[in-house]
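Text of the file upload.pdb, holding PDB, C-alpha atoms, pLDDT in the B column:
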ATOM      1  CA  MET A  19       0.000   0.000   0.000  1.00 74.00           C
ATOM      2  CA  ALA A  20       3.015   2.280  -0.058  1.00 90.00           C
ATOM      3  CA  VAL A  21       2.417   2.316  -3.828  1.00 92.00           C
ATOM      4  CA  GLU A  22      -1.275   3.031  -3.303  1.00 90.00           C
ATOM      5  CA  ALA A  23      -0.498   5.950  -0.995  1.00 88.00           C
ATOM      6  CA  TYR A  24       2.287   7.442  -3.089  1.00 90.00           C
ATOM      7  CA  PHE A  25       0.456   7.296  -6.412  1.00 89.00           C
ATOM      8  CA  ASN A  26      -3.050   7.798  -4.989  1.00 87.00           C
ATOM      9  CA  ALA A  27      -3.845   4.448  -6.571  1.00 90.00           C
ATOM     10  CA  GLU A  28      -6.199   1.540  -5.949  1.00 91.00           C
ATOM     11  CA  THR A  29      -5.368  -2.162  -5.912  1.00 93.00           C
ATOM     12  CA  VAL A  30      -7.676  -4.012  -8.331  1.00 94.00           C
ATOM     13  CA  TRP A  31      -6.131  -7.498  -8.542  1.00 95.00           C
ATOM     14  CA  VAL A  32      -3.285  -9.641  -7.258  1.00 94.00           C
ATOM     15  CA  SER A  33      -1.529 -12.879  -8.161  1.00 93.00           C
ATOM     16  CA  GLU A  34      -0.825 -14.979  -5.081  1.00 92.00           C
ATOM     17  CA  ILE A  35      -0.558 -18.739  -4.540  1.00 89.00           C
ATOM     18  CA  ASP A  36       0.128 -18.949  -0.806  1.00 93.00           C
ATOM     19  CA  LYS A  37      -3.063 -20.076   0.922  1.00 95.00           C
ATOM     20  CA  TYR A  38      -2.622 -18.021   4.072  1.00 96.00           C
ATOM     21  CA  ALA A  39      -1.298 -14.878   2.401  1.00 94.00           C
ATOM     22  CA  SER A  40      -4.308 -15.094   0.091  1.00 95.00           C
ATOM     23  CA  GLN A  41      -6.544 -15.179   3.161  1.00 96.00           C
ATOM     24  CA  VAL A  42      -5.057 -11.932   4.442  1.00 96.00           C
ATOM     25  CA  ILE A  43      -5.361 -10.351   0.996  1.00 94.00           C
ATOM     26  CA  GLU A  44      -9.020 -11.350   0.808  1.00 95.00           C
ATOM     27  CA  GLN A  45      -9.766  -9.859   4.218  1.00 95.00           C
ATOM     28  CA  ARG A  46      -7.769  -6.660   3.788  1.00 94.00           C
ATOM     29  CA  PHE A  47      -8.185  -5.897   0.085  1.00 93.00           C
ATOM     30  CA  GLY A  48     -11.106  -7.957  -1.208  1.00 93.00           C
ATOM     31  CA  VAL A  49      -9.836  -7.947  -4.794  1.00 94.00           C
ATOM     32  CA  ILE A  50      -9.518 -10.575  -7.526  1.00 94.00           C
ATOM     33  CA  ASN A  51      -6.706 -13.075  -6.980  1.00 96.00           C
ATOM     34  CA  HIS A  52      -5.572 -14.532 -10.305  1.00 95.00           C
ATOM     35  CA  GLY A  53      -3.525 -17.233  -8.571  1.00 94.00           C
ATOM     36  CA  ASP A  54      -0.394 -18.719 -10.110  1.00 92.00           C
ATOM     37  CA  LEU A  55       1.191 -16.125 -12.389  1.00 89.00           C
ATOM     38  CA  LYS A  56       2.907 -18.941 -14.315  1.00 89.00           C
ATOM     39  CA  THR A  57      -0.454 -19.943 -15.781  1.00 94.00           C
ATOM     40  CA  ILE A  58      -2.070 -16.544 -16.356  1.00 95.00           C
ATOM     41  CA  ASN A  59      -3.010 -15.422 -19.856  1.00 96.00           C
ATOM     42  CA  TRP A  60      -2.040 -11.788 -19.451  1.00 96.00           C
ATOM     43  CA  ALA A  61      -3.967 -10.752 -22.542  1.00 96.00           C
ATOM     44  CA  GLU A  62      -7.152 -11.568 -20.622  1.00 95.00           C
ATOM     45  CA  VAL A  63      -6.219  -9.637 -17.456  1.00 94.00           C
ATOM     46  CA  GLU A  64      -7.605  -6.176 -16.685  1.00 93.00           C
ATOM     47  CA  PRO A  65      -5.155  -3.474 -17.896  1.00 93.00           C
ATOM     48  CA  ILE A  66      -3.353  -1.538 -15.173  1.00 94.00           C
ATOM     49  CA  ASP A  67      -1.287   1.612 -14.723  1.00 95.00           C
ATOM     50  CA  ILE A  68       1.108   0.253 -12.099  1.00 95.00           C
ATOM     51  CA  LEU A  69       2.418  -3.276 -11.648  1.00 95.00           C
ATOM     52  CA  THR A  70       4.268  -4.212  -8.468  1.00 94.00           C
ATOM     53  CA  ALA A  71       6.167  -7.393  -7.700  1.00 90.00           C
ATOM     54  CA  GLY A  72       8.085  -8.475  -4.637  1.00 80.00           C
ATOM     55  CA  TYR A  73       9.204 -11.686  -6.302  1.00 74.00           C
ATOM     56  CA  PRO A  74      10.740 -14.430  -4.119  1.00 63.00           C
ATOM     57  CA  CYS A  75      14.113 -13.484  -2.665  1.00 53.00           C
ATOM     58  CA  GLN A  76      15.307 -17.012  -1.864  1.00 62.00           C
ATOM     59  CA  PRO A  77      17.144 -17.483  -5.198  1.00 54.00           C
ATOM     60  CA  PHE A  78      19.272 -14.392  -4.450  1.00 54.00           C
ATOM     61  CA  SER A  79      19.450 -14.115  -0.667  1.00 53.00           C
ATOM     62  CA  THR A  80      22.815 -14.543   1.058  1.00 50.00           C
ATOM     63  CA  ALA A  81      20.895 -16.535   3.679  1.00 53.00           C
ATOM     64  CA  GLY A  82      20.139 -19.250   1.116  1.00 54.00           C
ATOM     65  CA  ASN A  83      21.911 -21.333  -1.510  1.00 52.00           C
ATOM     66  CA  ARG A  84      21.892 -18.503  -4.084  1.00 53.00           C
ATOM     67  CA  LYS A  85      20.936 -20.670  -7.037  1.00 51.00           C
ATOM     68  CA  GLY A  86      19.665 -17.650  -8.935  1.00 49.00           C
ATOM     69  CA  SER A  87      17.851 -18.582 -12.147  1.00 57.00           C
ATOM     70  CA  ASN A  88      18.365 -22.276 -11.348  1.00 54.00           C
ATOM     71  CA  ASP A  89      16.131 -22.023  -8.284  1.00 54.00           C
ATOM     72  CA  GLU A  90      12.614 -23.389  -8.806  1.00 57.00           C
ATOM     73  CA  ARG A  91      11.266 -20.289  -7.048  1.00 57.00           C
ATOM     74  CA  HIS A  92      12.782 -18.008  -9.700  1.00 71.00           C
ATOM     75  CA  ILE A  93       9.760 -16.404 -11.346  1.00 84.00           C
ATOM     76  CA  TRP A  94      11.186 -13.222 -12.852  1.00 89.00           C
ATOM     77  CA  PRO A  95      10.676 -14.503 -16.451  1.00 89.00           C
ATOM     78  CA  TYR A  96       6.931 -14.706 -15.798  1.00 91.00           C
ATOM     79  CA  ILE A  97       6.859 -11.187 -14.365  1.00 92.00           C
ATOM     80  CA  LYS A  98       8.734  -9.973 -17.433  1.00 92.00           C
ATOM     81  CA  GLU A  99       6.030 -11.552 -19.580  1.00 94.00           C
ATOM     82  CA  ALA A 100       3.319  -9.774 -17.582  1.00 95.00           C
ATOM     83  CA  ILE A 101       5.065  -6.434 -18.061  1.00 96.00           C
ATOM     84  CA  SER A 102       5.582  -6.970 -21.786  1.00 95.00           C
ATOM     85  CA  VAL A 103       1.890  -7.743 -22.321  1.00 96.00           C
ATOM     86  CA  LEU A 104       0.240  -5.309 -19.903  1.00 96.00           C
ATOM     87  CA  ARG A 105       2.656  -2.420 -20.625  1.00 96.00           C
ATOM     88  CA  PRO A 106       1.989  -0.531 -17.354  1.00 96.00           C
ATOM     89  CA  ARG A 107       3.080   3.072 -16.949  1.00 95.00           C
ATOM     90  CA  PHE A 108       5.154   2.106 -13.919  1.00 95.00           C
ATOM     91  CA  VAL A 109       6.669  -1.121 -12.614  1.00 95.00           C
ATOM     92  CA  ILE A 110       7.688  -1.252  -8.945  1.00 95.00           C
ATOM     93  CA  LEU A 111       9.924  -4.161  -7.903  1.00 95.00           C
ATOM     94  CA  GLU A 112      11.431  -5.178  -4.551  1.00 93.00           C
ATOM     95  CA  ASN A 113      13.996  -7.771  -3.504  1.00 89.00           C
ATOM     96  CA  VAL A 114      16.941  -8.407  -1.185  1.00 87.00           C
ATOM     97  CA  THR A 115      20.247  -6.602  -1.760  1.00 88.00           C
ATOM     98  CA  GLY A 116      21.893  -9.922  -2.644  1.00 85.00           C
ATOM     99  CA  HIS A 117      20.009  -9.614  -5.931  1.00 84.00           C
ATOM    100  CA  LEU A 118      22.372  -6.815  -6.977  1.00 86.00           C
ATOM    101  CA  ASN A 119      25.230  -9.229  -7.646  1.00 83.00           C
ATOM    102  CA  LEU A 120      23.118 -12.217  -8.651  1.00 84.00           C
ATOM    103  CA  GLY A 121      20.467 -12.001 -11.334  1.00 83.00           C
ATOM    104  CA  PHE A 122      19.790  -8.267 -11.290  1.00 90.00           C
ATOM    105  CA  ASP A 123      21.787  -7.690 -14.474  1.00 89.00           C
ATOM    106  CA  GLN A 124      19.389 -10.046 -16.251  1.00 89.00           C
ATOM    107  CA  VAL A 125      16.380  -8.154 -14.868  1.00 92.00           C
ATOM    108  CA  LEU A 126      17.798  -4.868 -16.160  1.00 93.00           C
ATOM    109  CA  ALA A 127      18.623  -6.415 -19.540  1.00 93.00           C
ATOM    110  CA  ASN A 128      15.127  -7.868 -19.847  1.00 93.00           C
ATOM    111  CA  LEU A 129      13.480  -4.562 -18.976  1.00 96.00           C
ATOM    112  CA  THR A 130      15.605  -2.826 -21.593  1.00 96.00           C
ATOM    113  CA  GLN A 131      14.675  -5.466 -24.171  1.00 96.00           C
ATOM    114  CA  ILE A 132      10.963  -4.823 -23.670  1.00 96.00           C
ATOM    115  CA  GLY A 133      11.395  -1.053 -23.807  1.00 97.00           C
ATOM    116  CA  TYR A 134      11.629   0.043 -20.176  1.00 97.00           C
ATOM    117  CA  ASP A 135      14.095   2.392 -18.501  1.00 95.00           C
ATOM    118  CA  THR A 136      15.003   1.640 -14.896  1.00 94.00           C
ATOM    119  CA  ARG A 137      16.113   3.328 -11.678  1.00 95.00           C
ATOM    120  CA  TRP A 138      16.923   1.564  -8.418  1.00 95.00           C
ATOM    121  CA  GLN A 139      17.785   2.336  -4.817  1.00 94.00           C
ATOM    122  CA  VAL A 140      18.700   0.425  -1.652  1.00 95.00           C
ATOM    123  CA  VAL A 141      16.752   1.572   1.421  1.00 96.00           C
ATOM    124  CA  ARG A 142      17.062   0.169   4.941  1.00 94.00           C
ATOM    125  CA  ALA A 143      14.226  -0.137   7.410  1.00 92.00           C
ATOM    126  CA  SER A 144      16.443   1.770   9.819  1.00 90.00           C
ATOM    127  CA  ASP A 145      16.465   4.681   7.349  1.00 90.00           C
ATOM    128  CA  VAL A 146      12.875   5.393   8.388  1.00 88.00           C
ATOM    129  CA  GLY A 147      13.432   4.813  12.095  1.00 84.00           C
ATOM    130  CA  ALA A 148      12.828   1.085  12.481  1.00 85.00           C
ATOM    131  CA  PRO A 149      15.090  -0.631  15.053  1.00 84.00           C
ATOM    132  CA  HIS A 150      16.451  -3.117  12.518  1.00 88.00           C
ATOM    133  CA  HIS A 151      18.544  -2.933   9.344  1.00 87.00           C
ATOM    134  CA  ARG A 152      16.579  -4.968   6.755  1.00 90.00           C
ATOM    135  CA  ALA A 153      18.066  -3.372   3.647  1.00 93.00           C
ATOM    136  CA  ARG A 154      16.047  -3.924   0.480  1.00 92.00           C
ATOM    137  CA  LEU A 155      16.476  -3.173  -3.215  1.00 95.00           C
ATOM    138  CA  PHE A 156      13.653  -1.133  -4.770  1.00 96.00           C
ATOM    139  CA  VAL A 157      13.249  -0.609  -8.510  1.00 95.00           C
ATOM    140  CA  ILE A 158      11.039   1.640 -10.606  1.00 96.00           C
ATOM    141  CA  ALA A 159      10.771   1.033 -14.352  1.00 96.00           C
ATOM    142  CA  TYR A 160       8.818   2.954 -16.983  1.00 95.00           C
ATOM    143  CA  PRO A 161       8.481   2.949 -20.797  1.00 95.00           C
ATOM    144  CA  LYS A 162      11.648   4.242 -22.424  1.00 91.00           C
ATOM    145  CA  GLY A 163      11.564   8.018 -22.782  1.00 80.00           C
ATOM    146  CA  GLY A 164       8.168   8.173 -21.109  1.00 72.00           C
ATOM    147  CA  TRP A 165       9.117   9.842 -17.852  1.00 65.00           C
ATOM    148  CA  SER A 166      11.771  12.093 -16.392  1.00 53.00           C
ATOM    149  CA  GLY A 167      12.589  11.887 -12.692  1.00 50.00           C
ATOM    150  CA  ASN A 168      12.048  15.634 -12.193  1.00 41.00           C
ATOM    151  CA  LYS A 169       8.451  15.470 -13.389  1.00 36.00           C
ATOM    152  CA  SER A 170       5.294  14.446 -11.603  1.00 35.00           C
ATOM    153  CA  VAL A 171       4.614  10.737 -11.408  1.00 38.00           C
ATOM    154  CA  GLY A 172       1.065  11.143 -10.206  1.00 36.00           C
ATOM    155  CA  VAL A 173      -1.466   8.957 -12.027  1.00 37.00           C
ATOM    156  CA  SER A 174      -5.214   8.542 -11.995  1.00 33.00           C
ATOM    157  CA  GLN A 175      -7.328   6.199  -9.919  1.00 33.00           C
ATOM    158  CA  SER A 176      -8.012   2.529 -10.759  1.00 37.00           C
ATOM    159  CA  HIS A 177      -4.519   1.118 -10.643  1.00 42.00           C
ATOM    160  CA  ALA A 178      -3.390  -2.368  -9.737  1.00 44.00           C
ATOM    161  CA  ARG A 179      -0.560  -4.366  -8.350  1.00 44.00           C
ATOM    162  CA  ILE A 180       0.667  -7.876  -8.911  1.00 41.00           C
ATOM    163  CA  SER A 181       2.018  -9.930  -6.037  1.00 39.00           C
ATOM    164  CA  SER A 182       4.101 -13.013  -6.659  1.00 39.00           C
ATOM    165  CA  ASP A 183       4.398 -13.865  -2.973  1.00 43.00           C
ATOM    166  CA  CYS A 184       2.987 -12.754   0.362  1.00 35.00           C
ATOM    167  CA  LYS A 185       4.575  -9.305   0.503  1.00 45.00           C
ATOM    168  CA  SER A 186       1.288  -7.758  -0.508  1.00 39.00           C
ATOM    169  CA  ALA A 187      -0.386  -9.250   2.532  1.00 39.00           C
ATOM    170  CA  ALA A 188       2.057  -7.634   4.923  1.00 40.00           C
ATOM    171  CA  ASP A 189       2.179  -4.181   3.336  1.00 42.00           C
ATOM    172  CA  PRO A 190      -0.850  -2.358   4.723  1.00 35.00           C
ATOM    173  CA  THR A 191       0.018   1.323   4.650  1.00 31.00           C
ATOM    174  CA  SER A 192       2.752   3.842   4.133  1.00 29.00           C
ATOM    175  CA  GLN A 193       1.732   5.992   7.087  1.00 30.00           C
ATOM    176  CA  GLY A 194       4.752   6.611   9.297  1.00 30.00           C
ATOM    177  CA  LEU A 195       4.787   5.680  12.961  1.00 32.00           C
ATOM    178  CA  GLN A 196       5.519   7.189  16.323  1.00 33.00           C
ATOM    179  CA  ARG A 197       4.725   4.293  18.614  1.00 33.00           C
ATOM    180  CA  GLY A 198       6.366   3.385  21.874  1.00 35.00           C
ATOM    181  CA  GLY A 199       9.795   1.976  21.085  1.00 40.00           C
ATOM    182  CA  TRP A 200      10.648   3.682  17.784  1.00 39.00           C
ATOM    183  CA  GLN A 201       9.813   6.676  15.670  1.00 40.00           C
ATOM    184  CA  ALA A 202       9.625   7.042  11.921  1.00 39.00           C
ATOM    185  CA  ARG A 203       8.909   9.932   9.602  1.00 38.00           C
ATOM    186  CA  ARG A 204       5.222  10.447   8.982  1.00 40.00           C
ATOM    187  CA  TYR A 205       4.324   9.814   5.369  1.00 41.00           C
ATOM    188  CA  ARG A 206       1.100  10.456   3.529  1.00 36.00           C
ATOM    189  CA  SER A 207      -1.437   7.651   3.644  1.00 33.00           C
ATOM    190  CA  SER A 208      -5.152   7.000   3.436  1.00 28.00           C
ATOM    191  CA  VAL A 209      -4.836   4.920   6.603  1.00 35.00           C
ATOM    192  CA  GLU A 210      -4.013   6.582   9.915  1.00 37.00           C
ATOM    193  CA  ILE A 211      -1.917   4.627  12.418  1.00 42.00           C
ATOM    194  CA  SER A 212      -2.310   5.933  15.943  1.00 43.00           C
ATOM    195  CA  ASP A 213       0.280   5.709  18.685  1.00 58.00           C
ATOM    196  CA  GLN A 214       0.381   2.287  20.280  1.00 66.00           C
ATOM    197  CA  GLU A 215       2.138   0.553  23.108  1.00 80.00           C
ATOM    198  CA  VAL A 216       4.972  -1.768  22.147  1.00 88.00           C
ATOM    199  CA  PRO A 217       3.705  -5.382  22.366  1.00 93.00           C
ATOM    200  CA  ASN A 218       5.599  -7.811  24.571  1.00 95.00           C
ATOM    201  CA  PRO A 219       8.329  -9.486  22.474  1.00 95.00           C
ATOM    202  CA  LEU A 220       7.408 -12.872  23.935  1.00 96.00           C
ATOM    203  CA  ASP A 221       4.100 -14.666  24.279  1.00 95.00           C
ATOM    204  CA  GLN A 222       4.291 -17.631  26.641  1.00 94.00           C
ATOM    205  CA  GLY A 223       8.016 -17.838  26.033  1.00 96.00           C
ATOM    206  CA  ARG A 224       7.758 -17.703  22.221  1.00 97.00           C
ATOM    207  CA  LEU A 225       8.247 -14.865  19.762  1.00 97.00           C
ATOM    208  CA  ASN A 226       5.103 -12.739  19.785  1.00 97.00           C
ATOM    209  CA  ALA A 227       3.687 -12.216  16.289  1.00 97.00           C
ATOM    210  CA  LYS A 228       2.138  -8.924  17.436  1.00 96.00           C
ATOM    211  CA  PHE A 229       5.616  -7.679  18.335  1.00 95.00           C
ATOM    212  CA  VAL A 230       6.927  -8.637  14.876  1.00 95.00           C
ATOM    213  CA  GLU A 231       3.928  -6.896  13.325  1.00 94.00           C
ATOM    214  CA  TYR A 232       4.838  -3.768  15.282  1.00 91.00           C
ATOM    215  CA  MET A 233       8.518  -4.044  14.268  1.00 91.00           C
ATOM    216  CA  MET A 234       7.425  -4.224  10.629  1.00 91.00           C
ATOM    217  CA  GLY A 235       5.600  -0.909  10.977  1.00 90.00           C
ATOM    218  CA  LEU A 236       2.138  -2.367  10.454  1.00 91.00           C
ATOM    219  CA  THR A 237      -1.237  -1.431  11.842  1.00 88.00           C
ATOM    220  CA  ALA A 238      -1.906  -3.534  14.938  1.00 91.00           C
ATOM    221  CA  GLY A 239      -3.875  -6.606  13.924  1.00 94.00           C
ATOM    222  CA  TRP A 240      -3.285  -6.271  10.178  1.00 94.00           C
ATOM    223  CA  VAL A 241      -1.922  -9.821  10.048  1.00 97.00           C
ATOM    224  CA  THR A 242      -2.479 -11.034  13.620  1.00 97.00           C
ATOM    225  CA  ASP A 243      -6.252 -10.499  13.638  1.00 96.00           C
ATOM    226  CA  THR A 244      -7.008 -12.575  10.549  1.00 96.00           C
ATOM    227  CA  GLY A 245      -7.572 -15.966  12.148  1.00 96.00           C
ATOM    228  CA  LEU A 246      -4.220 -17.461  11.168  1.00 98.00           C
ATOM    229  CA  SER A 247      -1.972 -19.525  13.411  1.00 97.00           C
ATOM    230  CA  ARG A 248       1.113 -17.990  15.005  1.00 97.00           C
ATOM    231  CA  SER A 249       3.453 -19.773  12.578  1.00 96.00           C
ATOM    232  CA  GLN A 250       1.406 -18.638   9.587  1.00 97.00           C
ATOM    233  CA  GLN A 251       1.434 -15.056  10.843  1.00 97.00           C
ATOM    234  CA  LEU A 252       5.196 -15.085  11.374  1.00 97.00           C
ATOM    235  CA  LYS A 253       5.803 -16.473   7.888  1.00 94.00           C
ATOM    236  CA  ILE A 254       3.762 -13.702   6.291  1.00 95.00           C
ATOM    237  CA  LEU A 255       5.375 -11.020   8.437  1.00 95.00           C
ATOM    238  CA  GLY A 256       8.846 -12.381   7.715  1.00 91.00           C
ATOM    239  CA  ASN A 257       8.230 -12.175   3.990  1.00 89.00           C
ATOM    240  CA  GLY A 258       7.009  -8.602   4.232  1.00 89.00           C
ATOM    241  CA  VAL A 259       8.591  -5.192   3.838  1.00 91.00           C
ATOM    242  CA  VAL A 260       8.292  -2.227   6.195  1.00 92.00           C
ATOM    243  CA  PRO A 261       5.797  -0.049   4.263  1.00 92.00           C
ATOM    244  CA  GLN A 262       7.388   3.209   5.410  1.00 92.00           C
ATOM    245  CA  GLN A 263      10.634   1.904   3.907  1.00 93.00           C
ATOM    246  CA  ALA A 264       8.924   1.261   0.568  1.00 94.00           C
ATOM    247  CA  TYR A 265       7.385   4.723   0.599  1.00 93.00           C
ATOM    248  CA  LYS A 266      10.785   6.274   1.280  1.00 93.00           C
ATOM    249  CA  ALA A 267      12.205   4.376  -1.697  1.00 95.00           C
ATOM    250  CA  LEU A 268       9.468   5.790  -3.925  1.00 94.00           C
ATOM    251  CA  GLU A 269      10.275   9.283  -2.697  1.00 92.00           C
ATOM    252  CA  LEU A 270      13.901   8.772  -3.665  1.00 93.00           C
ATOM    253  CA  LEU A 271      13.179   7.108  -6.990  1.00 92.00           C
ATOM    254  CA  ALA A 272      10.245   9.133  -8.220  1.00 78.00           C
ATOM    255  CA  ILE A 273      10.783  12.780  -7.375  1.00 57.00           C
ATOM    256  CA  ARG A 274       7.571  14.771  -7.305  1.00 49.00           C
ATOM    257  CA  PRO A 275       7.349  18.567  -7.754  1.00 35.00           C
TER
END
Could you quickly redo this structure as structure tokens?
Amino acid sequence: MAVEAYFNAETVWVSEIDKYASQVIEQRFGVINHGDLKTINWAEVEPIDILTAGYPCQPFSTAGNRKGSNDERHIWPYIKEAISVLRPRFVILENVTGHLNLGFDQVLANLTQIGYDTRWQVVRASDVGAPHHRARLFVIAYPKGGWSGNKSVGVSQSHARISSDCKSAADPTSQGLQRGGWQARRYRSSVEISDQEVPNPLDQGRLNAKFVEYMMGLTAGWVTDTGLSRSQQLKILGNGVVPQQAYKALELLAIRP
């Protein structure tokens, strides 16, 4: 929703295969879920202005085996196909910083091949006041020659995003925080987050999902009040991105007058 807030846009459909992330999406967004993007006929999908993808980081993460394009979870080629057919005005991508030296050159080459220029930026969660590093790579792409960074990037209503994993489920708002244990810059958003007490880090001796939700800069209950188990909540939260961080990246990448 950092993209929604920044562009004054509306999510109209997603592509998500995870059962529990889909449950959160249904409860929080209530939009069409096209399911597995590997099987979608993009020519039959509603046209959009903005396409977003936080495609799986496991092929590129330094915490994994770094198999890159040889990893079965590597789905960038399918996202490239979606972009080439839908031709959105903006493409917003997110991944781990390990992607910079593994596979990112292919992403840039592919975007160039289908007629898109690209800008990218690394932003840390700590850059917006979160008490953890969590650096992430953010990318904005747009049709070649179609936009200059010193011009407005505002677009009209009825936009969409595409989600290839559960990041969409854990990205509720780009409103900044000032809650208990940490402070972040206050960004524009259609959703207001009020000051809240810091949840206890532990719940009966185990990591408290509400505390992780707080650390990720989310509205209290966004993931934890959806009827999912603790392990399901933690998986979704762990795959997410601090929304204030994403909004900051858009500010840096897409300068507005």
>> With the PyMOL selection byres ((chain A and resi 122) around 12) as the selection, what would be picked from this file? Answer as a list of chain:residue names, please.
In response: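 When the PyMOL selection byres ((chain A and resi 122) around 12) is applied to the shown file, the picked residues are A:Cys75, A:Pro77, A:Phe78, A:Gly86, A:Ser87, A:Trp94, A:Leu111, A:Glu112, A:Asn113, A:Val114, A:Thr115, A:Gly116, A:His117, A:Leu118, A:Asn119, A:Leu120, A:Gly121, A:Asp123, A:Gln124, A:Val125, A:Leu126, A:Ala127, A:Asn128, A:Leu129, A:Thr136, A:Trp138, A:Leu155, A:Phe156, A:Val157.
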> Which residue gives the smallest distance to Asp243 of chain A among A:Val42, A:Ala61, A:Ala159, A:Val230, with only C-alpha atoms counted?
Replying inline: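 Smallest separation from Asp243 of chain A among the options: A:Val42.
With all atoms listed in the file as the atoms that count, the minimum distance from Trp31 of chain A to the choices A:Val146, A:Ile58, A:Ile66, A:Leu104 is reached by A:Ile66.
Distance annotation: of A:Asn257, A:Ser144, A:Asn51, A:Thr244, the residue with the minimal separation from Glu64 of chain A is A:Asn51; atom set is all atoms listed in the file.
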>> One decimal, in Å: what's the spacing between atom CA of Arg142 of chain A and atom CA of Ala71 of chain A?
In response: 18.3 Å
>> For a quick check of your reading of the model, name the residues lying within 12 Å of the coordinate (11.8, 3.0, -15.4), counting all atoms listed in the file, and write them as a PyMOL selection string.
In response: chain A and resi 68-69+101+105-111+126+129-130+132-138+156-167+171+271-272
> When you draw a straight line from atom CA of Gln262 of chain A to atom CA of Glu34 of chain A, how long is it in Å?
Replying inline: 22.5 Å
> How would you write, as a VMD selection string, the residues chosen by the PyMOL selection byres ((chain A and resi 227) around 12) on this structure?
Replying inline: chain A and resid 217 to 222 224 to 226 228 to 234 236 238 to 243 246 to 256
> Hey, can you check how far atom CA of Leu268 of chain A sits from atom CA of Tyr24 of chain A?
Replying inline: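 Between atom CA of Leu268 of chain A and atom CA of Tyr24 of chain A the gap works out to 7.4 Å.
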>> Residues proximal to (7.1, 1.8, 7.8) were defined as those with any atom within 6 Å of that point in the file's coordinates, counting only C-alpha atoms. Which are they, as number ranges by chain?
In response: A: 194, 235, 260-263
With C-alpha atoms kept, could you save the residues just selected as an mmCIF file, in the frame of the given file?
data_model
loop_
_atom_site.group_PDB
_atom_site.id
_atom_site.type_symbol
_atom_site.label_atom_id
_atom_site.label_comp_id
_atom_site.auth_asym_id
_atom_site.auth_seq_id
_atom_site.Cartn_x
_atom_site.Cartn_y
_atom_site.Cartn_z
ATOM 1 C CA GLY A 194 4.752 6.611 9.297
ATOM 2 C CA GLY A 235 5.600 -0.909 10.977
ATOM 3 C CA VAL A 260 8.292 -2.227 6.195
ATOM 4 C CA PRO A 261 5.797 -0.049 4.263
ATOM 5 C CA GLN A 262 7.388 3.209 5.410
ATOM 6 C CA GLN A 263 10.634 1.904 3.907
#
Test item: write segment 155-166 of chain A with N, CA and C atoms as a tab-separated table (two decimals), in the first residue's frame:
chain	number	residue	atom	x	y	z
A	155	LEU	N	16.31	-3.80	-1.91
A	155	LEU	CA	16.48	-3.17	-3.21
A	155	LEU	C	15.10	-2.83	-3.78
A	156	PHE	N	14.91	-1.58	-4.15
A	156	PHE	CA	13.65	-1.13	-4.77
A	156	PHE	C	13.95	-0.62	-6.17
A	157	VAL	N	13.06	-0.94	-7.09
A	157	VAL	CA	13.25	-0.61	-8.51
A	157	VAL	C	11.99	0.05	-9.04
A	158	ILE	N	12.16	1.09	-9.85
A	158	ILE	CA	11.04	1.64	-10.61
A	158	ILE	C	11.43	1.62	-12.08
A	159	ALA	N	10.54	1.10	-12.91
A	159	ALA	CA	10.77	1.03	-14.35
A	159	ALA	C	9.60	1.68	-15.06
A	160	TYR	N	9.83	2.22	-16.24
A	160	TYR	CA	8.82	2.95	-16.98
A	160	TYR	C	9.18	2.91	-18.46
A	161	PRO	N	8.20	3.02	-19.36
A	161	PRO	CA	8.48	2.95	-20.80
A	161	PRO	C	9.58	3.93	-21.21
A	162	LYS	N	10.47	3.46	-22.02
A	162	LYS	CA	11.65	4.24	-22.42
A	162	LYS	C	11.25	5.61	-22.96
A	163	GLY	N	11.83	6.65	-22.36
A	163	GLY	CA	11.56	8.02	-22.78
A	163	GLY	C	10.24	8.56	-22.31
A	164	GLY	N	9.52	7.77	-21.49
A	164	GLY	CA	8.17	8.17	-21.11
A	164	GLY	C	8.07	8.98	-19.84
A	165	TRP	N	9.18	9.12	-19.12
A	165	TRP	CA	9.12	9.84	-17.85
A	165	TRP	C	10.49	10.34	-17.47
A	166	SER	N	10.53	11.54	-16.92
A	166	SER	CA	11.77	12.09	-16.39
A	166	SER	C	11.62	12.23	-14.89
